[in-house]
Structure formats: structure tokens, C-alpha cells
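What follows is one structure encoded as C-alpha cells, with my remarks underneath.
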Amino acid sequence: MKLKNSQHISTLYTSLFFTLFVLIFSTLTSQAQTEQEMFDSVQTLILQAEVAATPPAPVTMLSAVDNPNDKGGAMLISWELSVDDADLKSYFVMRSDTKVGGFEQVGEAVRGNSSYVDNKVEDDKEYYYYVNSVKQYTDFDGNEAFAGAGSQSVGPIVSSAQWFNMARVYCLFFVLLVSGAIMFYINKAKSGAEIYVRKIAGIDAVDEAVGRATEMGRKIFFIPGIQDMNDVQTIAGIAILGRVGELAAQYETWLEVPVSKSLVMVTARETLKEAYTKVGRPDAFNQDQVHYLTDDQFGYAAAIDGMVVREKPATIFYMGAFFAESLILAETGNAAGAIQIAGTAMPSQLPFFVASCDYTLLGEELFAASAYLSKEPRQLGSLKGQDFGKLIFMTAIILGVLIETFTDVPVSKYFLVK
Amino acid sequence: MELFGIWVAALLTLGIFSFLYKDNPVYKICESIFIGVSAGYWAIANFFDALHKKFWVGVFPTDGSDPNYMLWFGALLGVLMLLRLSSKIGWIARWPLAFIVGATAGLYMMLYFVSNAMNQVASTMRDVIVTSPETHLIMWGETIGSILIVIGVVSGLVYFFFSKEHKGVFGYTARVGIWFLMITFGAHFGYTVMSRMSLLIGRIDFLFRDWLHLLN
């Protein structure tokens with residue numbers, strides 16, 4: 001039993017000794033391993049920091065030229081991307097008016113971009129450029145730092161204005177084509193050839209609407225929109241006002257034109273005066289028929305709403321450019337029981353006029369209206385010429401779609417004008 | 001003072017809203033204030049923005065820059081416009097008017113031709129069979145969308161063709177065009193009504209939050 005015990009104890013000591021040996025050995029080994037790892041890590045960090053601080057490769061093939069097709073005052077600087085483009089923050093464009101020294105940063109193009117337009121130059125003055133490839137990194141102290149490499153400088157380059165924008169040469173071709181067609185058809189109409197214009201319901205209703213006001217003994221309101229005379233829709237609206245004025249003068253019906261712009265007031269007065277004179281009723285024209293309300297959009301709408309509910313006009317025309325006030329006006333007119341004819345080329349307001357007016361001239365119908373009403377050869381010829389332009393563009397679209405779909409020719413780029 | 005301003009704004013808002021019931025004296029007062037104040041505001045704004053900032057400062061610069069003598073031409077047109085007040089030489093006022101209308105037409109011609117014709121045509125000229133760049137399989141949604149755009153543009157143009165009667169195939173195409181237009185208008189209507197609702201909500205929010213303090 002004793003022997004057994006002594007054997008057991010010696011076995012126990014042996015196993016304790018081995019356990020201790022293994023523990024001490026493994027601790028020493030792991031310590032050695034940790035130190036090695038730490039050393040490796042530090043080495044890696046130093047290497048990474050060194051790599052991060054290494055300046056990137058500069059850009060190549062740098063060129064600077066006068067920015068083409070512009071009014072001057074700009075240079076186009078372009079380059080081949082740095083081979084380290086993926087690591088870069090951006091490219092700094094540096095400029096000087098001397099070949100050596102004095103360069104200052106005038107612009108920045110983010111990585112991946114290989115050109116920059118410097119819009120801050122004076123014409124007929126020499127400039128030099130170079131591009132700095134810049135990358136951003138974090139230094140040993142944890143601060144943001146930059147490393148850059150400059151390219152060779154180029155210059156001298158001088159900026160100047162161009163008489164012609166050659167990028168729009170295709171545009172010129174189509175303008176000449178359409179303009180030629182318009183002149184051809186105007187001459188044709190003047191020589192007595194009959195120019196057909198399809199029925200436009202909204203315009204046909206003008207006579208009926210004026211007649212209705214006459215029968216009811218009530219006023220006609222003509223609202224020429226809220227834009228000034230520099231808007232083509234206002235001009236088209238004023239052209240229709242001329243025809244409405246003629247009818248109103250013939251039927252001796254009071255026509256009132258509240259406006260929101262002083263120039264529109266002046267033009268509308270001139271147009272109405274001419275219309276009344278044309279039908280032999282200059283005495284019936286009163287310049288107070290055309291009166292200014294306010295330039296403010298909703299102030300103008302509130303004023304017209306008040307006039308409509310109080311004076312209950314039989315007919316209201318809305319012809320011109322309208323914005324958010326369109327539904328306010330047209331709905332009030334509708335509630336007042338007036339026959340309403342609207343015409344605008346504002347796509348966002350057309351739905352409201354379609355919903356609340358009896359007739360609506362959609363977009364280009366507004367511009368065709370004056371030709372349709374006057375039957376004047378110049379306007380009819382112009383309308384026919386514009387139709388010719390549409391025919392060309394329709395044909396171009398169909399052919400272009402077929403070419404783009406079934407070939408690799410990017411034909412659309414010839415029509416895209418910047 | 002701010003509280004007074006909020007009360008005035010709130011009462012004027014309610015006064016304008018009273019038009020929803022019917023025309024009434026309160027609305028008439030609010031309407032007259034609105035028109036008078038806005039007309040006065042715009043007169044002063046135009047005076048300072050156009051006459052002072054654009055003309056006076058341009059002709060008599062105080063920052064050392066060169067005077068812009070071209071502005072005198074604009075001033076001359078403005079003076080000619082005022083001649084209409086004279087019964088004898090009022091006809092001269094037609095000259096600046098003709099200049100403005102003519103110059104506007106000329107300036108905008110290229111702008112509209114580029115944006116409404118050339119670039120529209122370029123955007124419509126497209127490969128109507130759209131395939132996935134990875135699998136090269138036809139993407140049916142995009143393909144149908146492209147075909148609809150082309151049909152919509154061409155049929156819309158046919159509708160706006162004025163020198164040919166809308167009969168036969170031409171008439172049917174124009175009818176397709178008007179359908180496209182009406183669907184577009186419907187979408188616009190819904191979208192714009194939503195934005196108008198946000199204007200109304202803004203006004204109600206002012207009344208309940210700033211005036212009545214019923215909203216936090």
C-alpha cells in the first residue's frame with residue numbers, strides 16, 4: 001500500500017514537472033511570438049507610412065489651350081491621368097503668368113477627371129500651367145497630410161473669343177433649312193397660293209365666345225399671363241388679343257385687359273388701338289380697357305378673382321404664360337359661369353386649363369392661333385414652314401431610332417447641342 | 001411688434017380664405033391691401049434693382065471699375081417709352097417696343113431651337129431594344145419605355161401638324177398623340193395638386209402654430 005502510495009506520489013511529481021515545463025516553455029514561446037508580431041506590425045506601419053507619404057506619379061501629356069467655341073476668358077487644361085489616380089484626392093491646377101515661379105492654385109479636379117476649364121483668365125494675356133497630383137494620408141501623429149507631385153509646366157497660352165461656335169454647326173444647318181422653308185412658303189402664300197390650316201377648335205370658338213358676351217350684354221376679360229414682353233407666349237397672346245379686339249369693336253362689346261407688367265400694358269394698348277382702328281371704330285377704344293394691377297403673381301390672381309365674381313364677365317380668355325395662378329383664375333371663371341378659352345405653352349399649367357376651361361389651345365396651337373385667325377399670308381407661310389421643320393425632325397427621329405437600334409452609329413450625338 | 005405682425009398676417013389670411021364662402025367686404029379689403037402693397041413693393045423693388053443697381057451703379061461705378069456706356073442705350077429706350085405720355089410724339093414709343101419684341105424673338109430663337117428641337121430629337125433617338133450589359137438579355141421594362149417615348153414624341157408631333165387635315169392614318173396617329181398628351185396632363189395634374197396641397201398646409205400650419213399655438 002505504501003509502495004503504491006510512493007509510486008503514486010512520484011507519478012504526481014513527474015506530471016507536475018512536465019506541466020510546469022510545458023507552461024514555462026509555452027509562455028516564453030508566446031512572448032517571443034508577440035514580440036516578433038509587434039516588431040512586424042511596427043515594420044508594416046513604418047512601411048505603410050513611408051508608402052503613404054511617397055508622392056504619387058504626376059500627370060502626363062498635359063496640354064493647355066484656349067477653351068474652344070466660347071466668348072473668351074477661359075482656358076481648357078487637359079491631361080492623362082496619373083498612374084496613381086485611384087489613390088489621389090484630386091488634381092490641383094496651378095497657374096502663373098511667368099514661366100518660372102509665381103504659380104498659384106486656380107482650380108481643383110477630383111480624381112478620375114482629366115480636364116479643367118479655368119474661367120478666370122483675361123483675354124490676350126499669356127499664362128503658364130502645371131497640374132499637381134495630390135493624395136491625402138494620415139501621418140504618424142494622426143494628422144491629415146498631403147503628398148503631391150507636379151507635372152511639367154506648359155505655356156504660354158493666350159485666351160480669346162471666337163466668332164463662331166463650331167460645336168453648333170449642325171444647329172446652323174437645321175436653322176437654315178427651316179428658315180429657308182419658312183421663307184419659301186411665305187413667298188408662296190404671298191403669290192396667292194392657298195395654304196391649308198387644319199381646324200383648331202379653340203380658335204374657332206373665339207367668334208362664338210365674343211358673340212355670347214354681346215348677346216348677354218356682359219364684359220369680355222382677356223388675361224395675357226404674368227410674364228413680360230420677353231416671353232414668346234405673351235407675344236402670341238397679344239397677337240390673339242388683336243383679333244379679339246377687332247371682334248369686340250365690331251360687336252360693341254366691352255373688352256377689359258388687366259395686366260401684371262407695364263410693358264405688356266403698353267403693348268396691349270397699342271394692339272387694341274390698332275384693332276379698333278382697323279375695323280373703323282377708333283372712337284370706341286378707351287385706353288383704360290387695358291389697366292395695370294400688380295406685378296405680384298398672387299396679388300394679380302386675387303384682383304382678377306374679385307373682378308370676375310363682381311362683374312360676371314360672359315367670356316374670359318387666358319392667353320400667355322401662366323404659373324400657379326392658372327387654376328385659381330380658371331376655377332373662379334368657371335364658377336362665375338363664363339365661357340373660357342385658354343392657351344398656354346406651360347406644360348405644368350395645361351392640365352388645369354383643360355380641366356376648367358371650355359376650350360384650350362395646347363402649346364403650339366397658341367402660336368398657330370394668330371395665323372389661323374388673321375389668314376395673313378406671312379403668318380400662314382410661316383406656319384407651313386414650321387410644319388416642314390416638324391416633318392424633318394419626325395423623319396430624323398424615326399431614321400435615328402432605326403440607326404441607333406440596328407447599327408453602332410451614334411447618330412444622336414449630331415443633334416445634341418451643348 | 002412680431003406678435004402684431006403675426007396677427008395681421010393671420011387675419012389677412014382668414015380674410016382671403018373667406019372668398020371660399022363668397023365675395024364679401026372683408027375679402028375686398030384684404031384684396032385691396034394685397035394689390036396695393038404688392039404693387040408698391042414691386043415699384044420700389046424695380047426702382048432699386050433695375051434703375052439703381054443695373055443702370056446708375058453701372059454708369060457711375062464707385063468701385064473704380066470702368067463705366068458701362070451701353071447702359072445709356074437702355075436708358076434712352078426707357079425715355080422713348082415715356083414719350084407715349086405725349087399726344088403729339090407718342091408714336092415714338094413704338095420704337096423701343098419694337099426693339100424689345102424683335103430682340104427678344106431673335107435672342108430666344110436659338111435658345112428654343114436648341115432646347116425644344118435639337119436636344120429633344122437627340123434624346124428621342126435611342127436604341128429602343130435595351131439589353132442588360134452583363135447578361136445581354138432584353139430588359140423589357142426599359143425597352144417598352146423607350147418604344148413608348150418614341151411613339152409619344154412622333155404622334156405628338158403629328159398632332160401639332162397644322163397644314164394637313166387629321167384624317168385616315170394621319171388622323172389616327174394624331175389621336176394617339178392627344179392620348180399621350182392627356183395622360184401626361186393627368187400625371188402633371190396629380191403632381192401639381194400635391195404641391196398646391198403643401199402650400200395650403202403651409203398656410204394652415206402658420207395659423208395653428210404661429211398664431212393660435214395649437215401645434216408644437
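In the C-alpha cells, chains take the letters A, B, ... in the order shown, each chain's residues start at 1, and ligands count up from 1 in the order shown.
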
TODO: Quick one: pick out all alpha helix (DSSP H) residues within region 87-187 of chain A from a backbone DSSP run and write them as an NGL selection string.
DONE: :A and (169-187)

Mind dumping the selected residues with N, CA, C and O atoms as a compact mmCIF listing (two decimals), in the first residue's frame?
```
# COMPACT_ATOMS: atom_id res chain seq x y z
N VAL A 169 -22.58 73.75 -85.38
CA VAL A 169 -22.66 73.85 -86.83
C VAL A 169 -23.86 73.04 -87.38
O VAL A 169 -24.51 73.46 -88.34
N TYR A 170 -24.19 71.93 -86.71
CA TYR A 170 -25.37 71.14 -87.13
C TYR A 170 -26.65 71.93 -86.89
O TYR A 170 -27.61 71.87 -87.64
N CYS A 171 -26.61 72.69 -85.79
CA CYS A 171 -27.76 73.51 -85.45
C CYS A 171 -27.98 74.57 -86.53
O CYS A 171 -29.11 74.81 -86.95
N LEU A 172 -26.89 75.16 -87.00
CA LEU A 172 -26.97 76.17 -88.05
C LEU A 172 -27.59 75.56 -89.31
O LEU A 172 -28.44 76.18 -89.95
N PHE A 173 -27.20 74.35 -89.62
CA PHE A 173 -27.73 73.67 -90.81
C PHE A 173 -29.25 73.55 -90.73
O PHE A 173 -29.97 73.89 -91.67
N PHE A 174 -29.75 73.10 -89.58
CA PHE A 174 -31.20 72.92 -89.44
C PHE A 174 -31.93 74.26 -89.37
O PHE A 174 -33.05 74.39 -89.88
N VAL A 175 -31.30 75.26 -88.74
CA VAL A 175 -31.92 76.59 -88.69
C VAL A 175 -32.07 77.14 -90.11
O VAL A 175 -33.14 77.66 -90.47
N LEU A 176 -31.01 76.99 -90.90
CA LEU A 176 -31.08 77.48 -92.28
C LEU A 176 -32.14 76.72 -93.09
O LEU A 176 -32.88 77.31 -93.87
N LEU A 177 -32.21 75.42 -92.84
CA LEU A 177 -33.19 74.59 -93.56
C LEU A 177 -34.62 75.02 -93.23
O LEU A 177 -35.45 75.25 -94.13
N VAL A 178 -34.90 75.16 -91.94
CA VAL A 178 -36.26 75.53 -91.52
C VAL A 178 -36.56 76.97 -91.93
O VAL A 178 -37.65 77.27 -92.43
N SER A 179 -35.56 77.87 -91.75
CA SER A 179 -35.77 79.27 -92.14
C SER A 179 -36.02 79.38 -93.64
O SER A 179 -36.88 80.15 -94.09
N GLY A 180 -35.26 78.61 -94.42
CA GLY A 180 -35.45 78.60 -95.87
C GLY A 180 -36.85 78.14 -96.23
O GLY A 180 -37.50 78.73 -97.11
N ALA A 181 -37.32 77.10 -95.54
CA ALA A 181 -38.68 76.60 -95.80
C ALA A 181 -39.72 77.66 -95.46
O ALA A 181 -40.70 77.86 -96.20
N ILE A 182 -39.50 78.34 -94.33
CA ILE A 182 -40.46 79.39 -93.92
C ILE A 182 -40.50 80.49 -94.99
O ILE A 182 -41.59 80.91 -95.42
N MET A 183 -39.33 80.93 -95.45
CA MET A 183 -39.30 82.00 -96.47
C MET A 183 -39.93 81.54 -97.78
O MET A 183 -40.66 82.30 -98.42
N PHE A 184 -39.68 80.29 -98.12
CA PHE A 184 -40.27 79.74 -99.35
C PHE A 184 -41.80 79.77 -99.26
O PHE A 184 -42.48 80.22 -100.19
N TYR A 185 -42.34 79.28 -98.16
CA TYR A 185 -43.80 79.22 -98.03
C TYR A 185 -44.44 80.60 -97.87
O TYR A 185 -45.58 80.81 -98.28
N ILE A 186 -43.68 81.53 -97.24
CA ILE A 186 -44.21 82.90 -97.14
C ILE A 186 -44.35 83.49 -98.55
O ILE A 186 -45.39 84.08 -98.90
N ASN A 187 -43.32 83.30 -99.35
CA ASN A 187 -43.38 83.80 -100.74
C ASN A 187 -44.50 83.14 -101.52
O ASN A 187 -45.20 83.77 -102.30
```

Residues of chain A that approach chain B to 7 Å or less, counting only C-alpha atoms: could you list each one with the shortest pair of atoms and its distance in Å to one decimal, rows by chain and increasing residue number, as a tab-separated table?
```
residue	atom	partner	partner_atom	distance
A:Tyr196	CA	B:Ser163	CA	5.3
A:Val197	CA	B:Ser163	CA	4.7
A:Arg198	CA	B:Phe162	CA	5.3
A:Met229	CA	B:Val101	CA	6.6
A:Asn230	CA	B:Thr104	CA	5.4
A:Leu293	CA	B:Ile35	CA	7.0
A:Thr294	CA	B:Ala39	CA	4.6
A:Asp295	CA	B:Ala39	CA	6.2
A:Asp296	CA	B:Ser38	CA	5.8
A:Gly299	CA	B:Ile35	CA	5.1
A:Ala302	CA	B:Glu31	CA	6.2
A:Ala303	CA	B:Glu31	CA	6.4
A:Ser348	CA	B:His188	CA	6.0
A:Leu350	CA	B:Phe185	CA	6.9
A:Pro351	CA	B:Phe185	CA	4.8
A:Phe352	CA	B:Phe189	CA	6.9
A:Glu364	CA	B:Phe160	CA	6.8
A:Lys384	CA	B:Ser163	CA	6.1
A:Asp387	CA	B:Phe161	CA	5.8
A:Lys390	CA	B:Leu157	CA	6.9
A:Phe393	CA	B:Val121	CA	6.9
A:Met394	CA	B:Val154	CA	6.1
A:Ile397	CA	B:Met125	CA	5.6
A:Gly400	CA	B:Met125	CA	5.1
A:Val401	CA	B:Met125	CA	4.7
A:Glu404	CA	B:Asp127	CA	4.9
A:Thr405	CA	B:Asp127	CA	4.1
A:Ser412	CA	B:Ala122	CA	4.6
A:Lys413	CA	B:Ala122	CA	6.6
A:Phe415	CA	B:Ala122	CA	5.1
A:Leu416	CA	B:Asn119	CA	5.0
A:Val417	CA	B:Asn119	CA	6.2
```

Open item on the list: Write out as a PyMOL selection string the set of residues from region 119-188 of chain A that DSSP, computed on the backbone, places in strand (DSSP E).
Closed with: chain A and resi 126-138+144-150+154-158

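Among A:Val210, A:Leu373, A:Ile223, A:Ala147, the residue with the shortest atom-to-atom distance to Leu329 (chain A), counting only C-alpha atoms, is A:Ile223.
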
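Note that CA of Leu71 (chain B) and CA of Val59 (chain B) are 6.8 Å apart.
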
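Every protein or nucleic acid residue with an atom no more than 7 Å from region 208-213 of chain B, counting only C-alpha atoms and leaving out same-chain residues fewer than 6 positions away, appears here: B:Ile6, B:Trp7, B:Ala10.
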
Could you write out that same residue set with N, CA, C and O atoms as a CSV table (one decimal), in the first residue's frame?
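Full text of result-v9.csv as output:
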```csv
chain,number,residue,atom,x,y,z
B,6,ILE,N,-47.8,88.9,-36.7
B,6,ILE,CA,-48.5,87.5,-36.8
B,6,ILE,C,-50.0,87.7,-36.9
B,6,ILE,O,-50.7,87.1,-37.7
B,7,TRP,N,-50.5,88.6,-36.0
B,7,TRP,CA,-52.0,88.8,-36.0
B,7,TRP,C,-52.5,89.4,-37.3
B,7,TRP,O,-53.5,89.0,-37.9
B,10,ALA,N,-52.3,86.7,-39.9
B,10,ALA,CA,-53.4,85.6,-39.7
B,10,ALA,C,-54.7,86.2,-40.1
B,10,ALA,O,-55.5,85.5,-40.8
```

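In this structure, CA of Val411 (chain A) sits 27.3 Å away from CA of Tyr116 (chain A).
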
- [ ] Skip Pro377 (chain A) itself and residues of its chain fewer than 2 positions away, then list as a PyMOL selection string all residues within 10 Å of it, counting only C-alpha atoms.
- [x] chain A and resi 185-195+371+374-375+379-383

TODO: Find the spatial neighbours of Glu144 (chain A), counting only C-alpha atoms, within a cut-off of 12 Å - ignore same-chain residues fewer than 6 positions away - and output them as a VMD selection string.
DONE: chain A and resid 52 to 53 135 to 138

Expected file: the selected residues, N, CA, C and O atoms, as a tab-separated table (two decimals), in the first residue's frame:
```tsv
chain	number	residue	atom	x	y	z
A	52	ALA	N	2.58	55.81	-47.85
A	52	ALA	CA	1.55	56.86	-47.87
A	52	ALA	C	2.17	58.21	-48.16
A	52	ALA	O	1.60	59.04	-48.86
A	53	ALA	N	3.35	58.46	-47.59
A	53	ALA	CA	3.99	59.77	-47.76
A	53	ALA	C	4.71	59.88	-49.10
A	53	ALA	O	5.14	60.97	-49.48
A	135	LYS	N	-2.33	63.52	-53.09
A	135	LYS	CA	-3.03	62.49	-52.31
A	135	LYS	C	-3.01	62.89	-50.84
A	135	LYS	O	-2.11	63.61	-50.38
A	136	GLN	N	-3.98	62.40	-50.12
A	136	GLN	CA	-4.14	62.75	-48.72
A	136	GLN	C	-3.86	61.50	-47.89
A	136	GLN	O	-4.27	60.40	-48.27
A	137	TYR	N	-3.15	61.64	-46.78
A	137	TYR	CA	-2.87	60.49	-45.91
A	137	TYR	C	-2.79	60.96	-44.46
A	137	TYR	O	-2.78	62.16	-44.17
A	138	THR	N	-2.72	59.97	-43.55
A	138	THR	CA	-2.62	60.30	-42.13
A	138	THR	C	-1.18	60.03	-41.69
A	138	THR	O	-0.66	58.92	-41.91
```
